[in-house]
Amino acid sequence: MKTPCKSLGCLYLLKMKIWNTNNGGNFSGEVAIIFDSKLGNDASYSNGRLQFTIPDSGILLTKASFKSGKEDDRFFIQNDKGSYDTLTTSSFHDNSKKKYVFFDRIITFYKNINGKEKKRFVEMFYVGEKMDSVSNKNRFFFEQHINDLIQNEN
């Protein structure tokens, strides 16, 4: 759902991400939301906001289309009591007892379909207590894995 920005006439992309993991809030790792996937889940809305439930693999295929605009993402993770804790975004933490969302970004992948390049948009981020050089190294391999998934998707 898009809502007009009163002063600038811009659009906000309103969505939230929720994790329902079997780990009781212990999820840490890379997350990818692959938009416009024929094999994906239908879009789900809660209180007018696009809602994603991320599987334990961290990879969600969704039929929802990517919409550009200013993002107003809200991140939640299910805790061991069954309720939800809010995750905030951060650019760097090297040692924390609290989980954060790091390096939230949109990556454009290209797939050749019948001689034409098609853009595939993927929102990617890392969930964890710290962002360090090991996390950055793993991010590269995860991005390559997502590219391979997209190239092999029918």
# chains A, B, ... in the order shown; residues from 1 in each chain; ligands from 1
>>> residues_around(residues="segment 60-67 of chain A", least_positions_apart="5", cutoff="12 Å", atoms="only C-alpha atoms", output="PyMOL selection string")
chain A and resi 1-2+11-15+17-19+30-45+50-55+106-108+119-124+146+149-150+153
>>> closest_residue(among="A:Phe27, A:Met16, A:His145, A:Glu117", to="Asp80 of chain A", atoms="only C-alpha atoms")
A:Phe27
>>> atom_distance(atom1="atom CA of Asn79 of chain A", atom2="atom CA of Glu143 of chain A")
27.3 Å
